[in-house]
$ cat protein-v9.cif   # mmCIF, C-alpha atoms
data_upload
loop_
_atom_site.label_atom_id
_atom_site.label_comp_id
_atom_site.auth_asym_id
_atom_site.auth_seq_id
_atom_site.Cartn_x
_atom_site.Cartn_y
_atom_site.Cartn_z
CA ALA A 1042 121.75 85.77 102.09
CA VAL A 1043 121.84 87.56 105.45
CA LEU A 1044 125.37 86.31 106.12
CA GLY A 1045 126.31 87.17 102.53
CA PRO A 1046 125.09 90.31 100.71
CA VAL A 1047 123.08 91.68 103.65
CA ASP A 1048 126.24 91.44 105.83
CA GLY A 1049 124.23 90.80 108.96
CA ILE A 1050 123.48 88.13 111.53
CA PRO A 1051 120.34 86.07 110.86
CA VAL A 1052 117.95 85.58 113.77
CA MET A 1053 115.02 83.19 113.29
CA LEU A 1054 111.88 84.31 115.10
CA PRO A 1055 109.47 81.83 116.71
CA ALA A 1056 105.85 81.86 115.59
CA ALA A 1057 104.79 82.96 119.06
CA GLY A 1058 101.92 85.28 118.14
CA GLU A 1059 101.37 89.01 118.57
CA ALA A 1060 102.82 88.98 122.09
CA LEU A 1061 106.26 88.54 120.51
CA VAL A 1062 106.14 91.87 118.68
CA PRO A 1063 106.84 94.52 121.36
CA GLY A 1064 109.67 92.50 122.84
CA ILE A 1065 111.50 91.56 119.65
CA LEU A 1066 111.01 94.48 117.27
CA PRO A 1067 113.24 96.98 119.16
CA ARG A 1068 116.09 94.44 118.94
CA LEU A 1069 115.98 94.06 115.15
CA ASP A 1070 117.82 96.12 112.53
CA GLY A 1071 115.70 94.69 109.71
CA LEU A 1072 112.98 92.16 108.98
CA ILE A 1073 112.92 89.59 106.16
CA LEU A 1074 109.65 87.72 105.63
CA THR A 1075 110.51 84.44 103.95
CA GLY A 1076 108.68 82.16 101.57
CA SER A 1077 106.95 78.99 102.74
CA ARG A 1078 104.86 76.12 101.43
CA SER A 1079 102.02 77.30 103.67
CA ASN A 1080 99.53 79.99 102.70
CA VAL A 1081 97.99 82.87 104.62
CA CYS A 1082 94.71 81.74 106.19
CA PRO A 1083 91.85 83.34 104.19
CA ASP A 1084 90.10 84.39 107.40
CA HIS A 1085 92.58 87.29 107.49
CA TYR A 1086 91.26 88.76 104.22
CA SER A 1087 87.62 87.54 104.31
CA GLY A 1088 88.34 85.05 101.54
CA PRO A 1089 86.71 81.69 100.86
CA ALA A 1090 88.05 78.63 102.63
CA HIS A 1091 91.11 77.04 101.04
CA ALA A 1092 90.70 73.87 99.02
CA GLU A 1093 91.12 70.74 101.12
CA GLY A 1094 94.79 69.93 101.67
CA THR A 1095 96.06 73.50 101.22
CA PRO A 1096 98.78 74.03 103.86
CA GLU A 1097 98.17 76.80 106.37
CA ASP A 1098 100.18 78.08 109.34
CA PRO A 1099 97.96 79.99 111.79
CA ALA A 1100 100.82 80.46 114.25
CA ARG A 1101 102.92 82.19 111.63
CA ASP A 1102 99.98 84.36 110.54
CA SER A 1103 99.35 85.46 114.12
CA THR A 1104 102.98 86.54 114.38
CA THR A 1105 103.88 88.04 111.02
CA LEU A 1106 100.77 90.11 110.32
CA PRO A 1107 101.04 92.29 113.46
CA LEU A 1108 104.84 92.27 113.17
CA ILE A 1109 104.62 93.70 109.63
CA ARG A 1110 102.35 96.53 110.74
CA ALA A 1111 104.56 97.34 113.71
CA ALA A 1112 107.76 97.24 111.64
CA ILE A 1113 106.35 99.66 109.07
CA ALA A 1114 105.10 102.01 111.78
CA ALA A 1115 108.55 101.97 113.43
CA ALA A 1116 110.40 102.37 110.08
CA VAL A 1117 112.29 99.09 110.57
CA PRO A 1118 113.59 98.04 107.10
CA LEU A 1119 111.43 95.27 105.67
CA LEU A 1120 111.95 92.87 102.74
CA ALA A 1121 109.04 90.52 102.00
CA ILE A 1122 109.59 87.43 99.83
CA CYS A 1123 106.93 85.13 98.29
CA ARG A 1124 104.64 84.17 101.20
CA GLY A 1125 106.02 87.22 102.96
CA PHE A 1126 104.98 89.33 99.95
CA GLN A 1127 101.44 87.96 100.31
CA GLU A 1128 101.51 88.53 104.08
CA LEU A 1129 102.51 92.15 103.49
CA ASN A 1130 99.47 92.67 101.27
CA VAL A 1131 97.09 91.00 103.73
CA ALA A 1132 98.57 92.78 106.77
CA LEU A 1133 97.83 96.14 105.15
CA GLY A 1134 94.28 95.30 104.08
CA GLY A 1135 94.62 93.54 100.72
CA SER A 1136 93.36 90.14 99.57
CA LEU A 1137 94.74 87.11 97.70
CA ASP A 1138 93.83 84.94 94.73
CA GLN A 1139 94.25 81.39 95.99
CA ARG A 1140 94.89 79.57 92.69
CA ILE A 1141 96.09 81.93 89.98
CA GLN A 1142 96.20 79.08 87.44
CA ASP A 1143 92.41 78.72 87.68
CA LEU A 1144 91.70 82.34 86.74
CA PRO A 1145 90.86 83.37 83.17
CA ASP A 1146 93.69 84.85 81.09
CA ARG A 1147 96.31 83.93 83.71
CA PHE A 1148 99.05 81.33 83.43
CA ASP A 1149 100.31 78.75 85.92
CA HIS A 1150 102.84 80.33 88.29
CA SER A 1151 103.18 77.23 90.47
CA THR A 1152 106.21 74.97 90.83
CA PRO A 1153 106.34 72.33 88.06
CA GLY A 1154 106.46 68.82 89.47
CA ASP A 1155 108.47 67.28 86.64
CA GLN A 1156 111.76 69.17 87.08
CA PRO A 1157 114.50 69.09 89.74
CA LEU A 1158 113.75 71.56 92.52
CA ALA A 1159 117.35 72.78 92.66
CA ARG A 1160 117.17 73.92 89.04
CA LEU A 1161 113.69 75.43 89.41
CA ARG A 1162 114.84 77.57 92.30
CA THR A 1163 117.28 79.52 90.12
CA ALA A 1164 115.65 79.19 86.67
CA LYS A 1165 113.83 82.23 85.31
CA ALA A 1166 110.14 81.32 85.22
CA HIS A 1167 109.16 84.45 83.29
CA ALA A 1168 109.99 88.12 82.87
CA VAL A 1169 108.39 90.97 84.77
CA ARG A 1170 107.75 94.54 83.69
CA LEU A 1171 109.21 97.02 86.16
CA ALA A 1172 107.88 100.45 86.98
CA PRO A 1173 110.48 103.06 85.96
CA ASP A 1174 112.65 104.93 88.46
CA THR A 1175 112.21 102.31 91.19
CA VAL A 1176 114.76 100.41 93.26
CA LEU A 1177 114.27 97.30 91.14
CA ALA A 1178 114.44 99.13 87.81
CA LYS A 1179 117.67 100.82 88.86
CA LEU A 1180 119.16 97.49 89.94
CA ALA A 1181 118.08 95.86 86.66
CA GLY A 1182 119.28 98.76 84.54
CA GLY A 1183 115.98 98.77 82.64
CA GLU A 1184 112.29 98.00 82.88
CA THR A 1185 112.29 94.21 82.35
CA LEU A 1186 113.71 91.47 84.54
CA GLY A 1187 113.70 87.66 84.45
CA VAL A 1188 112.60 86.21 87.80
CA ASN A 1189 112.53 82.83 89.55
CA SER A 1190 108.89 83.17 90.57
CA LEU A 1191 107.17 80.04 91.97
CA HIS A 1192 103.76 80.42 93.63
CA ASN A 1193 100.10 79.37 93.53
CA GLN A 1194 98.66 82.40 95.29
CA GLY A 1195 99.08 86.07 94.55
CA ILE A 1196 97.64 89.52 95.10
CA ALA A 1197 93.98 89.93 94.20
CA GLN A 1198 93.06 93.31 95.74
CA LEU A 1199 96.14 95.43 96.32
CA ALA A 1200 96.30 96.89 99.83
CA PRO A 1201 95.64 100.66 99.87
CA ARG A 1202 99.05 101.33 101.40
CA LEU A 1203 100.93 99.41 98.67
CA ILE A 1204 102.14 100.51 95.23
CA ALA A 1205 102.68 97.86 92.55
CA GLU A 1206 106.14 98.03 90.96
CA ALA A 1207 106.40 94.85 88.83
CA TRP A 1208 103.97 92.75 86.81
CA ALA A 1209 104.12 89.33 85.14
CA PRO A 1210 103.00 89.10 81.49
CA ASP A 1211 99.49 88.03 82.61
CA GLY A 1212 99.14 91.07 84.88
CA THR A 1213 99.94 89.34 88.17
CA ILE A 1214 101.57 91.81 90.57
CA GLU A 1215 105.10 90.62 91.37
CA ALA A 1216 106.62 93.47 93.41
CA VAL A 1217 105.31 96.20 95.70
CA ARG A 1218 106.54 98.97 97.94
CA VAL A 1219 104.85 100.56 100.92
CA ARG A 1220 103.44 103.97 100.11
CA ASN A 1221 104.96 106.82 102.14
CA ALA A 1222 107.08 104.44 104.19
CA SER A 1223 109.67 106.13 106.38
CA GLY A 1224 112.24 103.44 105.53
CA PHE A 1225 112.99 100.53 103.20
CA ALA A 1226 109.75 98.54 102.75
CA LEU A 1227 109.64 96.36 99.64
CA GLY A 1228 108.13 93.01 98.66
CA VAL A 1229 108.79 90.62 95.76
CA GLN A 1230 106.85 87.53 94.73
CA TRP A 1231 109.96 85.76 93.45
CA HIS A 1232 112.95 84.24 95.31
CA PRO A 1233 116.13 86.36 95.38
CA GLU A 1234 117.43 84.22 98.26
CA TYR A 1235 117.89 81.29 95.86
CA ASP A 1236 120.01 82.97 93.18
CA TRP A 1237 121.84 85.93 94.71
CA GLN A 1238 125.20 84.22 94.12
CA GLU A 1239 124.58 84.22 90.36
CA ASP A 1240 122.08 87.04 89.84
CA ALA A 1241 123.29 90.64 90.20
CA VAL A 1242 119.79 92.05 90.76
CA SER A 1243 119.01 89.59 93.55
CA ARG A 1244 122.34 90.36 95.18
CA GLY A 1245 121.78 94.10 94.77
CA LEU A 1246 118.37 93.85 96.39
CA PHE A 1247 119.83 92.21 99.49
CA GLU A 1248 122.68 94.71 99.55
CA ALA A 1249 120.18 97.60 99.44
CA PHE A 1250 118.25 96.03 102.31
CA GLY A 1251 121.51 95.56 104.23
CA ARG A 1252 122.45 99.22 103.82
CA ALA A 1253 119.02 100.26 105.04
CA ALA A 1254 119.37 97.97 108.07
CA LYS A 1255 122.79 99.42 108.92
CA ASP A 1256 121.46 102.97 108.59
CA TRP A 1257 118.50 102.11 110.82
CA SER A 1258 120.81 100.51 113.40
CA ALA A 1259 123.02 103.61 113.50
CA ARG A 1260 120.03 105.94 113.93
CA ARG A 1261 118.56 103.71 116.63
CA HIS A 1262 121.78 103.75 118.65
CA ILE A 1263 122.15 107.52 118.30
CA THR A 1264 118.58 107.99 119.53
CA ALA A 1265 119.18 105.64 122.45
CA GLN A 1266 122.36 107.47 123.47
CA ALA A 1267 120.60 110.84 123.29
CA ALA A 1268 117.82 109.51 125.50
CA GLU A 1269 120.39 108.50 128.13
#

$ encode --input "protein-v9.cif" --output "structure tokens"
Amino acid sequence: AVLGPVDGIPVMLPAAGEALVPGILPRLDGLILTGSRSNVCPDHYSGPAHAEGTPEDPARDSTTLPLIRAAIAAAVPLLAICRGFQELNVALGGSLDQRIQDLPDRFDHSTPGDQPLARLRTAKAHAVRLAPDTVLAKLAGGETLGVNSLHNQGIAQLAPRLIAEAWAPDGTIEAVRVRNASGFALGVQWHPEYDWQEDAVSRGLFEAFGRAAKDWSARRHITAQAAE
């Protein structure tokens, strides 16, 4: 997606902890937080311990959570996807539900085990209701959108800095933006990186992020030249 609709050069960051942040952030024009099979360690939101066997990635947590806060403070464009969406909420003070399917009046958002993964990645799991006059609503041309959303965990307590912008039929928050952000700062629970070649909204989301990254890069270089 970065080589395609974003029109950029992808750079994978090592999970090297908070020490990575000051050295790498000034070199980036944008930050995409990807999905993963692992889950944010509940220690970061004072949650109960995960069920035995739940995959965690402490090295990633120690890198992404401070990187998110620093990117927002510096106005570096940010797009958070799936686990990244959950990281964004935790980094800004929110909490997570660990197994949405076990909660009353909620449905199972997890990946079905009886269907080919390739098809599941692009199939629309359900529709979401979009807040009007938002980036996503404008891309969708309305206030509903079918999404390829596959996840066990989700937002429980929304971080104070975040504004919900999309909801599944059971009320699960599926998209957020950062309140009063100086630049592009958006998160989605679904996977636009899987279907951007077929889905106009997914492609448009990456294109919007790409434009924001180019604008940020231009401003950064102008500022650097003025400082010289």

$ resolve_selection --input "protein-v9.cif" --expression "the PyMOL selection byres ((chain A and resi 1126-1142) around 8)" --output "ChimeraX atom specification"
/A:1074,1081,1085-1088,1091,1102,1105-1107,1109-1110,1121-1125,1143-1144,1147-1151,1193-1203,1216,1228-1230

$ atom_distance --input "protein-v9.cif" --atom1 "atom CA of Arg1068 of chain A" --atom2 "atom CA of Ala1042 of chain A"
19.8 Å

$ resolve_selection --input "protein-v9.cif" --expression "the PyMOL selection byres ((chain A and resi 1184) around 8)" --output "PyMOL selection string"
chain A and resi 1170-1173+1178+1181-1183+1185-1186

$ atom_distance --input "protein-v9.cif" --atom1 "atom CA of Val1219 of chain A" --atom2 "atom CA of Ile1073 of chain A"
14.6 Å

$ resolve_selection --input "protein-v9.cif" --expression "the PyMOL selection byres ((chain A and resi 1099) around 10)" --output "list in words"
Ala1056, Gly1058, Ser1079, Asn1080, Val1081, Cys1082, Pro1096, Glu1097, Asp1098, Ala1100, Arg1101, Asp1102, Ser1103 and Thr1104 of chain A

$ residues_near_point --input "protein-v9.cif" --point "(116.7, 80.2, 89.5)" --cutoff "12 Å" --atoms "all atoms listed in the file" --output "ChimeraX atom specification"
/A:1152,1157-1167,1187-1191,1231-1240,1243

$ write_last_selection --input "protein-v9.cif" --atoms "C-alpha atoms" --output "mmCIF file, in the coordinates of the input"
data_model
loop_
_atom_site.group_PDB
_atom_site.id
_atom_site.type_symbol
_atom_site.label_atom_id
_atom_site.label_comp_id
_atom_site.auth_asym_id
_atom_site.auth_seq_id
_atom_site.Cartn_x
_atom_site.Cartn_y
_atom_site.Cartn_z
ATOM 1 C CA THR A 1152 106.210 74.970 90.830
ATOM 2 C CA PRO A 1157 114.500 69.090 89.740
ATOM 3 C CA LEU A 1158 113.750 71.560 92.520
ATOM 4 C CA ALA A 1159 117.350 72.780 92.660
ATOM 5 C CA ARG A 1160 117.170 73.920 89.040
ATOM 6 C CA LEU A 1161 113.690 75.430 89.410
ATOM 7 C CA ARG A 1162 114.840 77.570 92.300
ATOM 8 C CA THR A 1163 117.280 79.520 90.120
ATOM 9 C CA ALA A 1164 115.650 79.190 86.670
ATOM 10 C CA LYS A 1165 113.830 82.230 85.310
ATOM 11 C CA ALA A 1166 110.140 81.320 85.220
ATOM 12 C CA HIS A 1167 109.160 84.450 83.290
ATOM 13 C CA GLY A 1187 113.700 87.660 84.450
ATOM 14 C CA VAL A 1188 112.600 86.210 87.800
ATOM 15 C CA ASN A 1189 112.530 82.830 89.550
ATOM 16 C CA SER A 1190 108.890 83.170 90.570
ATOM 17 C CA LEU A 1191 107.170 80.040 91.970
ATOM 18 C CA TRP A 1231 109.960 85.760 93.450
ATOM 19 C CA HIS A 1232 112.950 84.240 95.310
ATOM 20 C CA PRO A 1233 116.130 86.360 95.380
ATOM 21 C CA GLU A 1234 117.430 84.220 98.260
ATOM 22 C CA TYR A 1235 117.890 81.290 95.860
ATOM 23 C CA ASP A 1236 120.010 82.970 93.180
ATOM 24 C CA TRP A 1237 121.840 85.930 94.710
ATOM 25 C CA GLN A 1238 125.200 84.220 94.120
ATOM 26 C CA GLU A 1239 124.580 84.220 90.360
ATOM 27 C CA ASP A 1240 122.080 87.040 89.840
ATOM 28 C CA SER A 1243 119.010 89.590 93.550
#

$ atom_distance --input "protein-v9.cif" --atom1 "atom CA of Arg1244 of chain A" --atom2 "atom CA of Ala1205 of chain A"
21.2 Å

$ closest_residue --input "protein-v9.cif" --among "A:Ile1204, A:Leu1119, A:Leu1180, A:Val1062" --to "Val1217 of chain A" --atoms "all atoms listed in the file"
A:Ile1204

$ closest_residue --input "protein-v9.cif" --among "A:Ala1253, A:Ala1090, A:Ile1214, A:Met1053" --to "His1192 of chain A" --atoms "only C-alpha atoms"
A:Ile1214

$ axis_aligned_box --input "protein-v9.cif" --around "segment 1131-1140 of chain A" --padding-each-side "5 Å" --output "lines of an AutoDock Vina configuration file"
center_x = 96.0
center_y = 87.9
center_z = 99.7
size_x = 15.2
size_y = 26.6
size_z = 24.1

$ residues_around --input "protein-v9.cif" --residues "segment 1070-1072 of chain A" --least-positions-apart "6" --cutoff "9 Å" --atoms "only C-alpha atoms" --output "ChimeraX atom specification"
/A:1109,1112,1117-1121,1250-1251,1253-1258,1261

$ closest_residue --input "protein-v9.cif" --among "A:Pro1063, A:Pro1145, A:Pro1051, A:Pro1083" --to "Asp1211 of chain A" --atoms "all atoms listed in the file"
A:Pro1145

$ closest_residue --input "protein-v9.cif" --among "A:Ala1249, A:Leu1108, A:Ala1114, A:Ala1209" --to "Gly1064 of chain A" --atoms "all atoms listed in the file"
A:Leu1108
